[in-house]
file start-v9.txt (compact mmCIF, C-alpha atoms)
# COMPACT_ATOMS: atom_id res chain seq x y z
CA MET S 1 11.33 27.91 174.07
CA ILE S 2 13.38 25.54 176.16
CA ALA S 3 12.15 22.68 173.95
CA GLY S 4 13.32 24.44 170.80
CA LEU S 5 16.65 25.25 172.44
CA GLY S 6 17.04 21.59 173.44
CA LEU S 7 16.49 20.47 169.84
CA LEU S 8 19.05 23.00 168.63
CA VAL S 9 21.58 21.95 171.27
CA GLY S 10 21.15 18.30 170.31
CA ILE S 11 21.71 18.98 166.63
CA VAL S 12 24.77 21.13 167.31
CA LEU S 13 26.21 18.51 169.65
CA GLY S 14 25.71 15.80 167.05
CA LEU S 15 27.41 17.92 164.40
CA LEU S 16 30.32 18.83 166.67
CA LEU S 17 30.99 15.46 168.29
CA ARG S 18 30.38 13.26 165.22
CA PRO S 19 30.27 10.10 167.33
CA GLU S 20 30.62 6.68 165.79
CA VAL S 21 27.43 4.67 166.00
CA PRO S 22 28.19 1.46 167.90
CA LEU S 23 27.70 -1.65 165.84
CA TRP S 24 24.97 -3.17 168.00
CA LEU S 25 22.96 0.03 167.78
CA GLU S 26 23.26 0.37 164.04
CA PRO S 27 20.03 -1.41 162.97
CA TYR S 28 17.96 0.22 165.73
CA LEU S 29 18.99 3.84 165.63
CA PRO S 30 17.03 4.87 162.51
CA ILE S 31 13.86 3.22 163.77
CA ALA S 32 14.37 4.75 167.20
CA VAL S 33 14.77 8.20 165.67
CA VAL S 34 11.54 7.84 163.71
CA ALA S 35 9.73 6.58 166.80
CA ALA S 36 11.05 9.53 168.80
CA LEU S 37 9.89 11.90 166.08
CA ASP S 38 6.43 10.34 166.35
CA ALA S 39 6.46 10.93 170.09
CA VAL S 40 7.57 14.53 169.59
CA PHE S 41 4.83 15.30 167.08
CA GLY S 42 2.32 13.57 169.31
CA ALA S 43 3.45 15.73 172.21
CA LEU S 44 3.20 18.90 170.13
CA ARG S 45 -0.32 18.00 169.14
CA ALA S 46 -1.24 17.28 172.75
CA PHE S 47 0.26 20.60 173.75
CA LEU S 48 -1.86 22.42 171.21
CA ASP S 49 -4.89 20.46 172.39
CA GLY S 50 -4.14 21.61 175.92
CA ILE S 51 -3.65 18.13 177.27
CA PHE S 52 0.15 18.10 177.31
CA ASP S 53 1.79 16.52 180.29
CA ASP S 54 5.54 16.27 180.51
CA LYS S 55 5.42 12.96 182.36
CA VAL S 56 3.23 11.44 179.67
CA PHE S 57 5.58 12.83 177.05
CA VAL S 58 8.66 11.28 178.68
CA VAL S 59 6.95 7.94 179.13
CA SER S 60 5.55 7.85 175.62
CA PHE S 61 8.88 8.95 174.16
CA VAL S 62 10.85 6.26 175.96
CA SER S 63 8.29 3.53 175.36
CA ASN S 64 7.96 4.47 171.68
CA VAL S 65 11.71 4.20 171.18
CA LEU S 66 12.00 0.98 173.14
CA ILE S 67 9.08 -0.74 171.44
CA ALA S 68 10.30 0.24 167.99
CA ALA S 69 13.75 -1.10 168.77
CA LEU S 70 12.26 -4.25 170.30
CA ILE S 71 10.14 -4.92 167.22
CA VAL S 72 13.14 -4.58 164.97
CA TYR S 73 15.19 -6.81 167.25
CA LEU S 74 12.46 -9.45 167.22
CA GLY S 75 12.20 -9.19 163.47
CA ASP S 76 15.93 -9.70 163.11
CA LYS S 77 15.73 -12.77 165.34
CA LEU S 78 12.78 -14.16 163.37
CA GLY S 79 14.45 -13.48 160.05
CA VAL S 80 11.97 -10.81 158.95
CA GLY S 81 13.93 -7.81 160.22
CA GLY S 82 13.80 -5.91 156.94
CA GLN S 83 10.06 -6.33 156.52
CA LEU S 84 9.25 -5.50 160.15
CA SER S 85 11.41 -2.37 160.00
CA THR S 86 9.47 -1.28 156.95
CA GLY S 87 6.20 -2.03 158.76
CA VAL S 88 7.22 0.00 161.80
CA ILE S 89 8.32 2.91 159.63
CA VAL S 90 5.04 2.86 157.74
CA VAL S 91 2.96 2.85 160.91
CA LEU S 92 5.01 5.60 162.54
CA GLY S 93 4.91 7.59 159.30
CA ILE S 94 1.12 7.42 159.22
CA ARG S 95 0.94 8.56 162.84
CA ILE S 96 3.32 11.42 162.18
CA PHE S 97 1.24 12.51 159.21
CA SER S 98 -2.00 12.50 161.21
CA ASN S 99 -0.36 14.34 164.10
CA VAL S 100 1.10 16.94 161.80
CA ALA S 101 -2.31 17.34 160.17
CA ALA S 102 -3.83 18.07 163.61
CA ILE S 103 -1.04 20.51 164.44
CA ARG S 104 -1.56 22.25 161.13
CA ARG S 105 -5.27 22.58 161.87
CA HIS S 106 -4.45 24.16 165.22
CA ILE S 107 -1.93 26.64 163.92
CA PHE S 108 -3.33 27.59 160.54
CA HIS S 109 -7.01 26.65 161.07
CA ALA S 110 -6.80 24.72 157.83
CA MET Q 111 -13.60 29.94 167.92
CA SER Q 112 -15.64 33.10 168.19
CA ASP Q 113 -14.39 36.53 167.24
CA GLN Q 114 -10.90 35.75 168.35
CA ASN Q 115 -8.73 35.14 165.39
CA SER Q 116 -6.33 33.00 167.41
CA SER Q 117 -7.21 29.57 168.74
CA PRO Q 118 -6.41 28.43 172.28
CA GLY Q 119 -3.79 26.06 170.79
CA ARG Q 120 -1.90 28.84 169.16
CA ASP Q 121 -2.19 30.95 172.29
CA ARG Q 122 -0.68 28.18 174.31
CA LEU Q 123 2.15 27.83 171.83
CA LEU Q 124 2.93 31.54 171.89
CA HIS Q 125 2.66 31.61 175.64
CA ALA Q 126 5.03 28.67 175.98
CA LEU Q 127 7.48 30.33 173.61
CA ARG Q 128 7.47 33.57 175.55
CA ARG Q 129 7.35 32.19 179.05
CA PRO Q 130 8.64 28.63 179.19
CA GLY Q 131 7.54 26.63 182.21
CA ARG Q 132 9.30 24.03 184.19
CA GLY Q 133 7.53 21.26 182.29
CA GLN Q 134 9.43 22.21 179.14
CA VAL Q 135 12.74 21.11 180.57
CA ALA Q 136 11.96 17.41 180.12
CA ALA Q 137 10.69 18.10 176.62
CA GLY Q 138 13.86 20.05 175.87
CA VAL Q 139 16.07 17.22 177.04
CA LEU Q 140 14.18 14.67 174.97
CA LEU Q 141 14.21 16.91 171.92
CA ALA Q 142 17.95 17.30 172.37
CA VAL Q 143 18.22 13.53 172.40
CA VAL Q 144 16.13 13.31 169.22
CA GLY Q 145 18.18 15.97 167.47
CA PHE Q 146 21.43 14.36 168.50
CA ALA Q 147 20.38 10.87 167.44
CA GLY Q 148 18.90 12.11 164.17
CA VAL Q 149 22.04 14.00 163.21
CA VAL Q 150 24.26 11.08 164.19
CA GLN Q 151 22.14 8.71 162.11
CA VAL Q 152 22.16 11.04 159.11
CA GLN Q 153 25.89 11.36 159.29
CA SER Q 154 26.50 7.66 159.68
CA THR Q 155 24.20 7.00 156.72
CA GLU Q 156 26.10 9.49 154.62
CA GLN Q 157 29.56 8.19 155.43
CA ASN Q 158 28.52 4.58 155.62
CA ASP Q 159 28.95 3.22 152.14
CA ASP Q 160 30.72 0.09 153.29
CA TYR Q 161 28.98 -2.96 154.68
CA GLU Q 162 28.66 -2.06 158.34
CA GLY Q 163 24.93 -1.37 158.38
CA LEU Q 164 23.85 -4.25 156.19
CA ARG Q 165 21.76 -7.20 157.31
CA GLU Q 166 22.92 -10.77 157.39
CA GLU Q 167 21.12 -11.93 154.24
CA ASP Q 168 22.31 -8.89 152.31
CA LEU Q 169 25.85 -9.68 153.39
CA VAL Q 170 25.48 -13.29 152.35
CA GLN Q 171 24.20 -12.23 148.95
CA LEU Q 172 27.03 -9.73 148.65
CA LEU Q 173 29.53 -12.42 149.59
CA ASN Q 174 28.08 -14.76 146.99
CA SER Q 175 28.30 -12.22 144.23
CA LEU Q 176 31.82 -11.29 145.30
CA SER Q 177 32.97 -14.89 145.33
CA ALA Q 178 31.40 -15.40 141.90
CA ALA Q 179 33.28 -12.35 140.68
CA SER Q 180 36.54 -13.61 142.14
CA GLN Q 181 35.87 -17.01 140.54
CA ARG Q 182 35.49 -15.29 137.21
CA ALA Q 183 38.65 -13.31 137.80
CA GLU Q 184 40.53 -16.48 138.66
CA ASN Q 185 39.30 -18.17 135.52
CA GLU Q 186 40.49 -15.20 133.57
CA ILE Q 187 43.87 -15.37 135.27
CA THR Q 188 44.22 -19.04 134.36
CA GLN Q 189 43.27 -18.33 130.79
CA LEU Q 190 45.70 -15.45 130.53
CA GLU Q 191 48.47 -17.54 132.04
CA GLN Q 192 47.82 -20.22 129.47
CA THR Q 193 47.96 -17.65 126.72
CA ARG Q 194 51.19 -16.30 128.14
CA SER Q 195 52.86 -19.71 128.34
CA SER Q 196 51.75 -20.61 124.84
CA LEU Q 197 53.10 -17.29 123.60
CA ARG Q 198 56.34 -17.94 125.44
CA ASN Q 199 56.61 -21.40 123.87
CA ASP Q 200 55.96 -19.79 120.54
CA THR Q 201 58.74 -17.29 121.12
CA ASP Q 202 61.10 -20.02 122.27
CA SER Q 203 60.48 -22.22 119.27
CA ARG Q 204 60.75 -19.22 116.99
CA GLN Q 205 64.04 -18.35 118.64
CA ALA Q 206 65.28 -21.91 118.15
CA ALA Q 207 64.19 -21.91 114.53
CA LEU Q 208 65.92 -18.59 114.05
CA GLU Q 209 69.13 -19.90 115.58
CA GLN Q 210 68.98 -22.99 113.45
CA ALA Q 211 68.38 -20.92 110.35
CA GLN Q 212 71.28 -18.67 111.28
CA GLN Q 213 73.53 -21.69 111.75
CA GLN Q 214 72.46 -23.13 108.45
CA ALA Q 215 73.00 -19.77 106.77
CA ASP Q 216 76.53 -19.69 108.22
CA VAL Q 217 77.30 -23.18 106.98
CA LEU Q 218 75.87 -22.50 103.56
CA GLY Q 219 77.58 -19.14 103.43
CA ILE Q 220 80.96 -20.77 104.03
CA LEU Q 221 80.22 -23.49 101.49
CA ALA Q 222 79.01 -20.99 98.90
CA GLY Q 223 81.84 -18.63 99.63
CA THR Q 224 79.65 -15.70 100.58
CA LEU Q 225 81.04 -15.49 104.11
CA PRO Q 226 84.65 -15.02 105.17
CA ALA Q 227 85.93 -18.04 107.05
CA VAL Q 228 88.61 -18.53 109.67
CA GLY Q 229 90.09 -21.70 111.09
CA PRO Q 230 93.03 -24.11 111.08
CA GLY Q 231 94.38 -25.26 107.73
CA ILE Q 232 97.33 -25.20 105.40
CA GLU Q 233 98.91 -22.69 103.13
CA VAL Q 234 100.20 -24.23 99.91
CA THR Q 235 102.64 -22.20 97.83
CA VAL Q 236 103.20 -23.41 94.30
CA LYS Q 237 106.16 -21.91 92.50
CA ASP Q 238 106.14 -22.33 88.78
CA PRO Q 239 109.42 -21.21 87.24
CA GLY Q 240 108.71 -23.14 84.04
CA GLY Q 241 105.23 -21.78 83.59
CA LYS Q 242 103.89 -25.28 83.26
CA VAL Q 243 101.52 -25.51 86.20
CA GLY Q 244 98.10 -25.51 84.62
CA ILE Q 245 94.56 -26.40 85.46
CA ASP Q 246 95.26 -30.11 85.29
CA GLN Q 247 97.53 -29.92 88.30
CA MET Q 248 95.43 -27.32 90.09
CA LEU Q 249 92.18 -29.21 89.57
CA ASN Q 250 93.77 -32.39 90.84
CA GLY Q 251 95.08 -30.59 93.85
CA ILE Q 252 91.75 -28.94 94.61
CA GLU Q 253 89.91 -32.23 94.19
CA GLU Q 254 92.28 -33.93 96.57
CA LEU Q 255 91.92 -31.14 99.10
CA ARG Q 256 88.14 -31.40 98.84
CA ASP Q 257 88.38 -35.15 99.20
CA SER Q 258 90.15 -34.76 102.48
CA GLY Q 259 87.64 -32.34 103.89
CA ALA Q 260 88.72 -28.86 102.83
CA GLU Q 261 85.98 -26.47 103.86
CA ALA Q 262 87.12 -23.22 102.30
CA ILE Q 263 89.74 -22.67 99.61
CA GLU Q 264 91.19 -19.43 98.35
CA ILE Q 265 93.81 -18.87 95.65
CA ASN Q 266 96.20 -15.94 95.80
CA ASP Q 267 93.91 -14.00 98.13
CA ALA Q 268 91.91 -13.26 95.00
CA ALA Q 269 89.62 -16.17 94.16
CA ARG Q 270 87.44 -18.28 96.36
CA VAL Q 271 87.02 -21.82 95.19
CA VAL Q 272 83.41 -22.95 95.53
CA ALA Q 273 81.11 -25.42 93.81
CA GLN Q 274 80.56 -23.22 90.77
CA THR Q 275 84.17 -22.20 90.36
CA ALA Q 276 85.51 -22.67 86.84
CA LEU Q 277 89.22 -22.98 86.10
CA GLU Q 278 90.78 -22.32 82.71
CA ASP Q 279 94.24 -21.94 81.34
CA GLY Q 280 95.18 -18.37 80.60
CA ASP Q 281 98.15 -16.67 78.93
CA THR Q 282 100.18 -16.03 82.04
CA GLY Q 283 98.70 -18.65 84.33
CA ILE Q 284 95.38 -20.08 85.33
CA VAL Q 285 92.13 -18.15 85.20
CA VAL Q 286 89.75 -18.70 88.08
CA ASP Q 287 86.17 -17.57 87.54
CA GLY Q 288 87.41 -15.16 84.89
CA LYS Q 289 90.13 -13.73 87.14
CA PRO Q 290 93.60 -14.26 85.67
CA LEU Q 291 96.08 -15.31 88.33
CA ALA Q 292 99.83 -15.42 88.00
CA PRO Q 293 102.25 -17.82 89.68
CA PRO Q 294 103.38 -18.33 92.33
CA TYR Q 295 100.02 -19.58 93.46
CA THR Q 296 99.12 -19.53 97.10
CA LEU Q 297 96.27 -21.76 98.18
CA GLU Q 298 94.82 -21.11 101.58
CA VAL Q 299 92.77 -24.08 102.68
CA ILE Q 300 90.76 -24.44 105.86
CA GLY Q 301 90.39 -27.98 107.12
CA GLU Q 302 92.23 -30.51 109.27
CA PRO Q 303 95.87 -29.49 108.53
CA LYS Q 304 97.39 -32.95 108.80
CA THR Q 305 94.84 -34.67 106.58
CA LEU Q 306 95.12 -31.92 104.02
CA THR Q 307 98.89 -32.18 103.96
CA GLU Q 308 98.74 -35.92 103.51
CA ALA Q 309 96.20 -35.55 100.73
CA LEU Q 310 98.69 -33.51 98.71
CA ASN Q 311 101.75 -35.54 99.58
CA PHE Q 312 100.81 -39.10 98.65
CA THR Q 313 102.71 -40.87 95.95
CA GLY Q 314 101.64 -39.67 92.52
CA GLY Q 315 99.61 -36.88 94.11
CA PHE Q 316 99.64 -33.13 93.70
CA VAL Q 317 103.10 -32.48 95.09
CA ALA Q 318 104.62 -35.34 93.11
CA ASP Q 319 102.82 -34.13 90.02
CA VAL Q 320 103.95 -30.51 90.28
CA GLU Q 321 107.48 -31.29 91.36
CA GLY Q 322 107.85 -34.01 88.77
CA PRO Q 323 110.12 -33.61 85.76
CA LEU Q 324 107.29 -32.74 83.39
CA VAL Q 325 106.26 -29.60 85.25
CA GLY Q 326 109.26 -28.72 87.37
CA GLY Q 327 107.48 -26.61 89.94
CA GLU Q 328 108.01 -26.35 93.66
CA VAL Q 329 105.43 -26.86 96.40
CA THR Q 330 105.69 -25.62 99.98
CA ILE Q 331 103.07 -26.66 102.47
CA GLU Q 332 102.73 -24.79 105.71
CA GLN Q 333 100.36 -25.99 108.40
CA LYS Q 334 98.68 -23.19 110.28
CA LYS Q 335 96.66 -23.08 113.44
CA GLU Q 336 94.60 -20.25 112.11
CA LEU Q 337 94.26 -18.75 108.72
CA GLU Q 338 91.71 -16.55 107.15
CA VAL Q 339 89.85 -17.01 103.90
CA ALA Q 340 88.52 -13.54 103.30
CA THR Q 341 87.80 -13.48 99.58
CA LEU Q 342 84.11 -13.75 98.81
CA SER Q 343 82.51 -15.19 95.75
CA ASP Q 344 79.30 -13.73 94.40
CA ALA Q 345 76.58 -16.20 95.04
CA ALA Q 346 74.76 -16.31 91.75
CA GLN Q 347 71.00 -16.57 91.98
CA PRO Q 348 70.06 -19.82 90.26
CA GLU Q 349 68.25 -18.91 87.09
CA TYR Q 350 66.95 -22.27 85.94
CA ALA Q 351 67.18 -24.49 88.95
CA ASP Q 352 64.34 -24.36 91.44
CA PRO Q 353 64.43 -26.24 94.71
CA LEU Q 354 62.43 -29.43 94.47
CA ASP Q 355 59.86 -29.64 97.21
CA THR Q 356 60.81 -32.81 99.02
CA GLU Q 357 58.11 -32.80 101.61

call {"tool": "encode", "arguments": {"input": "start-v9.txt", "output": "structure tokens"}}
result
Amino acid sequence: MIAGLGLLVGIVLGLLLRPEVPLWLEPYLPIAVVAALDAVFGALRAFLDGIFDDKVFVVSFVSNVLIAALIVYLGDKLGVGGQLSTGVIVVLGIRIFSNVAAIRRHIFHA
Amino acid sequence: MSDQNSSPGRDRLLHALRRPGRGQVAAGVLLAVVGFAGVVQVQSTEQNDDYEGLREEDLVQLLNSLSAASQRAENEITQLEQTRSSLRNDTDSRQAALEQAQQQADVLGILAGTLPAVGPGIEVTVKDPGGKVGIDQMLNGIEELRDSGAEAIEINDAARVVAQTALEDGDTGIVVDGKPLAPPYTLEVIGEPKTLTEALNFTGGFVADVEGPLVGGEVTIEQKKELEVATLSDAAQPEYADPLDTE
């Protein structure tokens, strides 16, 4: 309940404030959002599995975001930023799909 | 999963929805962060159609294509400027040719008698009480005037004397181009007044001829700063003569 409310509050805040994305954050924000989504779906799956722990969720969320951003940063420095971003997105996408599949199994038994 | 139709996972979800625990606060905060960041990113993607979010190599490529485009545009500008200057030259030379043609038309028009002329000259009045002034005297006079640079000649405000002008003797006087004129004759001549006067006055010349005992006329010459030769002659289209191409 509180989690859902938090998501709603975040969306509303983003819509209302319409902040400018700082320039240095620009390449990392999309990757970070996808990484955070991965963490969220992972947490939901863990919750449904009965092994959810809020500390683990916080740590995995933060580390996911940081690692994704770090990989993109490294890629930019090495000159393969575009390709590495794509790689990260693909990996996170696969994880999200598998997590969602598990969640679906839990909720719909299918 | 026995006879219960709800799994423990779903139970937990429903339970959490109905009675949220303290552990959900952290999740809520993080989800708020995700929602916020996601919305911000979506918005910046939507409004961001300039080059802010692009990578270095994309920007370099973009710059290259832009500079190529500007190069093309500059080439086009140069070409267009050349066209413009050549067109301008064209217009100028056409203008010059037109002016020259106009000038020539003016000159020819005065010579052919199709244009009225104005300028300094003399007015010669020939009185002929004896009726003996004929084309001999007049032709001599006209020839002498032409010799001394007469540019336009008019007799009695009625006949313009040009290259094709024919003079005959008539019943009451001379006939110029088929127009019978009666004395006294008034010749208006445009040219250098002094030279014209001298041309008529020399010994044995026009004045001497007319005023001599054989004719017994009287000649008055008046020098004028400005007189007008307004009579026009019809410029006949040459019927047989064609211009010879001299080029």

call {"tool": "closest_atom_pairs", "arguments": {"input": "start-v9.txt", "of": "chain S", "to": "chain Q", "cutoff": "8 Å", "atoms": "only C-alpha atoms", "output": "JSON lines"}}
result
{"residue": "S:Met1", "atom": "CA", "partner": "Q:Leu127", "partner_atom": "CA", "distance": 4.6}
{"residue": "S:Ile2", "atom": "CA", "partner": "Q:Gly138", "partner_atom": "CA", "distance": 5.5}
{"residue": "S:Ala3", "atom": "CA", "partner": "Q:Gly138", "partner_atom": "CA", "distance": 3.7}
{"residue": "S:Gly4", "atom": "CA", "partner": "Q:Gly138", "partner_atom": "CA", "distance": 6.7}
{"residue": "S:Leu5", "atom": "CA", "partner": "Q:Gly138", "partner_atom": "CA", "distance": 6.8}
{"residue": "S:Gly6", "atom": "CA", "partner": "Q:Gly138", "partner_atom": "CA", "distance": 4.3}
{"residue": "S:Leu7", "atom": "CA", "partner": "Q:Ala142", "partner_atom": "CA", "distance": 4.3}
{"residue": "S:Leu8", "atom": "CA", "partner": "Q:Ala142", "partner_atom": "CA", "distance": 6.9}
{"residue": "S:Val9", "atom": "CA", "partner": "Q:Ala142", "partner_atom": "CA", "distance": 6.0}
{"residue": "S:Gly10", "atom": "CA", "partner": "Q:Ala142", "partner_atom": "CA", "distance": 3.9}
{"residue": "S:Ile11", "atom": "CA", "partner": "Q:Gly145", "partner_atom": "CA", "distance": 4.7}
{"residue": "S:Val12", "atom": "CA", "partner": "Q:Phe146", "partner_atom": "CA", "distance": 7.6}
{"residue": "S:Leu13", "atom": "CA", "partner": "Q:Phe146", "partner_atom": "CA", "distance": 6.4}
{"residue": "S:Gly14", "atom": "CA", "partner": "Q:Phe146", "partner_atom": "CA", "distance": 4.7}
{"residue": "S:Leu15", "atom": "CA", "partner": "Q:Val149", "partner_atom": "CA", "distance": 6.8}
{"residue": "S:Arg18", "atom": "CA", "partner": "Q:Val150", "partner_atom": "CA", "distance": 6.6}
{"residue": "S:Pro19", "atom": "CA", "partner": "Q:Val150", "partner_atom": "CA", "distance": 6.9}
{"residue": "S:Glu20", "atom": "CA", "partner": "Q:Ser154", "partner_atom": "CA", "distance": 7.4}
{"residue": "S:Val21", "atom": "CA", "partner": "Q:Ser154", "partner_atom": "CA", "distance": 7.1}
{"residue": "S:Leu23", "atom": "CA", "partner": "Q:Glu162", "partner_atom": "CA", "distance": 7.6}
{"residue": "S:Glu26", "atom": "CA", "partner": "Q:Gly163", "partner_atom": "CA", "distance": 6.2}
{"residue": "S:Pro27", "atom": "CA", "partner": "Q:Gly163", "partner_atom": "CA", "distance": 6.7}
{"residue": "S:Leu29", "atom": "CA", "partner": "Q:Gln151", "partner_atom": "CA", "distance": 6.8}
{"residue": "S:Pro30", "atom": "CA", "partner": "Q:Gln151", "partner_atom": "CA", "distance": 6.4}
{"residue": "S:Val33", "atom": "CA", "partner": "Q:Gly148", "partner_atom": "CA", "distance": 5.9}
{"residue": "S:Ala36", "atom": "CA", "partner": "Q:Val144", "partner_atom": "CA", "distance": 6.3}
{"residue": "S:Leu37", "atom": "CA", "partner": "Q:Val144", "partner_atom": "CA", "distance": 7.1}
{"residue": "S:Val40", "atom": "CA", "partner": "Q:Leu141", "partner_atom": "CA", "distance": 7.4}
{"residue": "S:Phe47", "atom": "CA", "partner": "Q:Gly119", "partner_atom": "CA", "distance": 7.4}
{"residue": "S:Leu48", "atom": "CA", "partner": "Q:Gly119", "partner_atom": "CA", "distance": 4.1}
{"residue": "S:Asp49", "atom": "CA", "partner": "Q:Gly119", "partner_atom": "CA", "distance": 5.9}
{"residue": "S:Gly50", "atom": "CA", "partner": "Q:Gly119", "partner_atom": "CA", "distance": 6.8}
{"residue": "S:Asp53", "atom": "CA", "partner": "Q:Gly133", "partner_atom": "CA", "distance": 7.7}
{"residue": "S:Asp54", "atom": "CA", "partner": "Q:Gly133", "partner_atom": "CA", "distance": 5.7}
{"residue": "S:Phe57", "atom": "CA", "partner": "Q:Ala137", "partner_atom": "CA", "distance": 7.4}
{"residue": "S:Val58", "atom": "CA", "partner": "Q:Ala136", "partner_atom": "CA", "distance": 7.1}
{"residue": "S:Phe61", "atom": "CA", "partner": "Q:Leu140", "partner_atom": "CA", "distance": 7.8}
{"residue": "S:His106", "atom": "CA", "partner": "Q:Gly119", "partner_atom": "CA", "distance": 5.9}
{"residue": "S:Ile107", "atom": "CA", "partner": "Q:Arg120", "partner_atom": "CA", "distance": 5.7}

call {"tool": "residues_around", "arguments": {"input": "start-v9.txt", "residues": "Gly93 of chain S", "least_positions_apart": "6", "cutoff": "12 Å", "atoms": "only C-alpha atoms", "output": "list in words"}}
result
Ile31, Val33, Val34, Ala35, Ala36, Leu37, Asp38, Ala39, Phe41, Gly42, Ser85, Thr86, Gly87, Asn99 and Val100 of chain S

call {"tool": "closest_residue", "arguments": {"input": "start-v9.txt", "among": "S:Ala43, S:Val62, S:Ile96, S:Ala69", "to": "Trp24 of chain S", "atoms": "all atoms listed in the file"}}
result
S:Ala69

call {"tool": "atom_distance", "arguments": {"input": "start-v9.txt", "atom1": "atom CA of Lys237 of chain Q", "atom2": "atom CA of Tyr295 of chain Q"}}
result
6.6 Å

call {"tool": "atom_distance", "arguments": {"input": "start-v9.txt", "atom1": "atom CA of Ile220 of chain Q", "atom2": "atom CA of Leu354 of chain Q"}}
result
22.6 Å

call {"tool": "residues_around", "arguments": {"input": "start-v9.txt", "residues": "Leu218 of chain Q", "least_positions_apart": "5", "cutoff": "12 Å", "atoms": "only C-alpha atoms", "output": "list of chain:residue names"}}
result
Q:Ala211, Q:Gln212, Q:Gln213, Q:Gly223, Q:Thr224, Q:Leu225, Q:Pro226, Q:Ala227, Q:Glu261, Q:Ala262, Q:Val272, Q:Ala273, Q:Ala345

call {"tool": "atom_distance", "arguments": {"input": "start-v9.txt", "atom1": "atom CA of Asp216 of chain Q", "atom2": "atom CA of Glu298 of chain Q"}}
result
19.5 Å
